[in-house]
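Visitor: One structure is given below, represented as structure tokens, and several questions about it will come after.
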Amino acid sequence: MSGEKDLQQLLKSMKPEHNLGDYVFCKVEKLDGVELNDIEMFFKEKEAITLILKKEIADALKLDYSVVMSWITLTVHSSLEAVGLTAAFSKALSEHEISCNVVAAFYHDHIFIAQKDTEKAMEILNLFSV
């Protein structure tokens, strides 16, 4: 199944879910010493490898990070070819001065926001399904 492409259907059924925990973005040169099962997500860029992981794991590994974030998953199975979903929710969040870092995976879109904005972000995202 390739996922939903219709923007209106995606917005109505995105059902945001707050994943409990504190998450951070860190960078490393190599994955040496980092257990794959401890990493929520990673991406290799030419400058470094970006890791998204729980704060307590980053602290145990003595990794630097700048902000503690909350992780919200849009539980609708969105197509990688869907047009407008990221633009719609990021615009709504930005209108309330909420920065979002988005990761699109095969099944779902994942939004990382500053921890202090979690409650407001969930309210805004839930308004799409009203």
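Ordering of the structure tokens sets the chain letters (A, B, ...); residue numbers start at 1 within each chain; ligands are numbered from 1 in the order shown.
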Need the shell around Lys27 in chain A: protein/DNA/RNA residues with any atom at most 10 Å away, counting only C-alpha atoms. Skip same-chain ones fewer than 6 positions apart. Format as an NGL selection string?

Guide: :A and (42-45 or 47-52 or 63-65)

Visitor: Using DSSP on the backbone coordinates, identify all residues within chain A classified as alpha helix (DSSP H); present the result as a PyMOL selection string.

Guide: chain A and resi 7-12+55-60+85-94+118-126

Visitor: Can you pull out the residues contacting range 69-75 of chain A? Cut-off 12 Å, using only C-alpha atoms, and skip same-chain residues under 6 positions away; I want them as JSON, numbers by chain.

Guide: {"A": [3, 4, 10, 11, 12, 13, 14, 15, 16, 17, 18, 19, 20, 21, 22, 23, 24, 25, 26, 40, 41, 52, 53, 54, 55, 85, 86, 89, 98, 99, 100, 101, 102, 103, 104, 105, 106, 107, 108, 109, 110, 111, 112, 113, 114, 115, 116, 117, 118, 119, 120, 121, 122, 123, 125, 126, 128, 129]}

Visitor: Considering only strand (DSSP E or B) as DSSP defines it on the backbone, what residues of range 7-103 of chain A qualify? List them as a PyMOL selection string.

Guide: chain A and resi 16-28+39-44+49-54+69-74+78+101-103
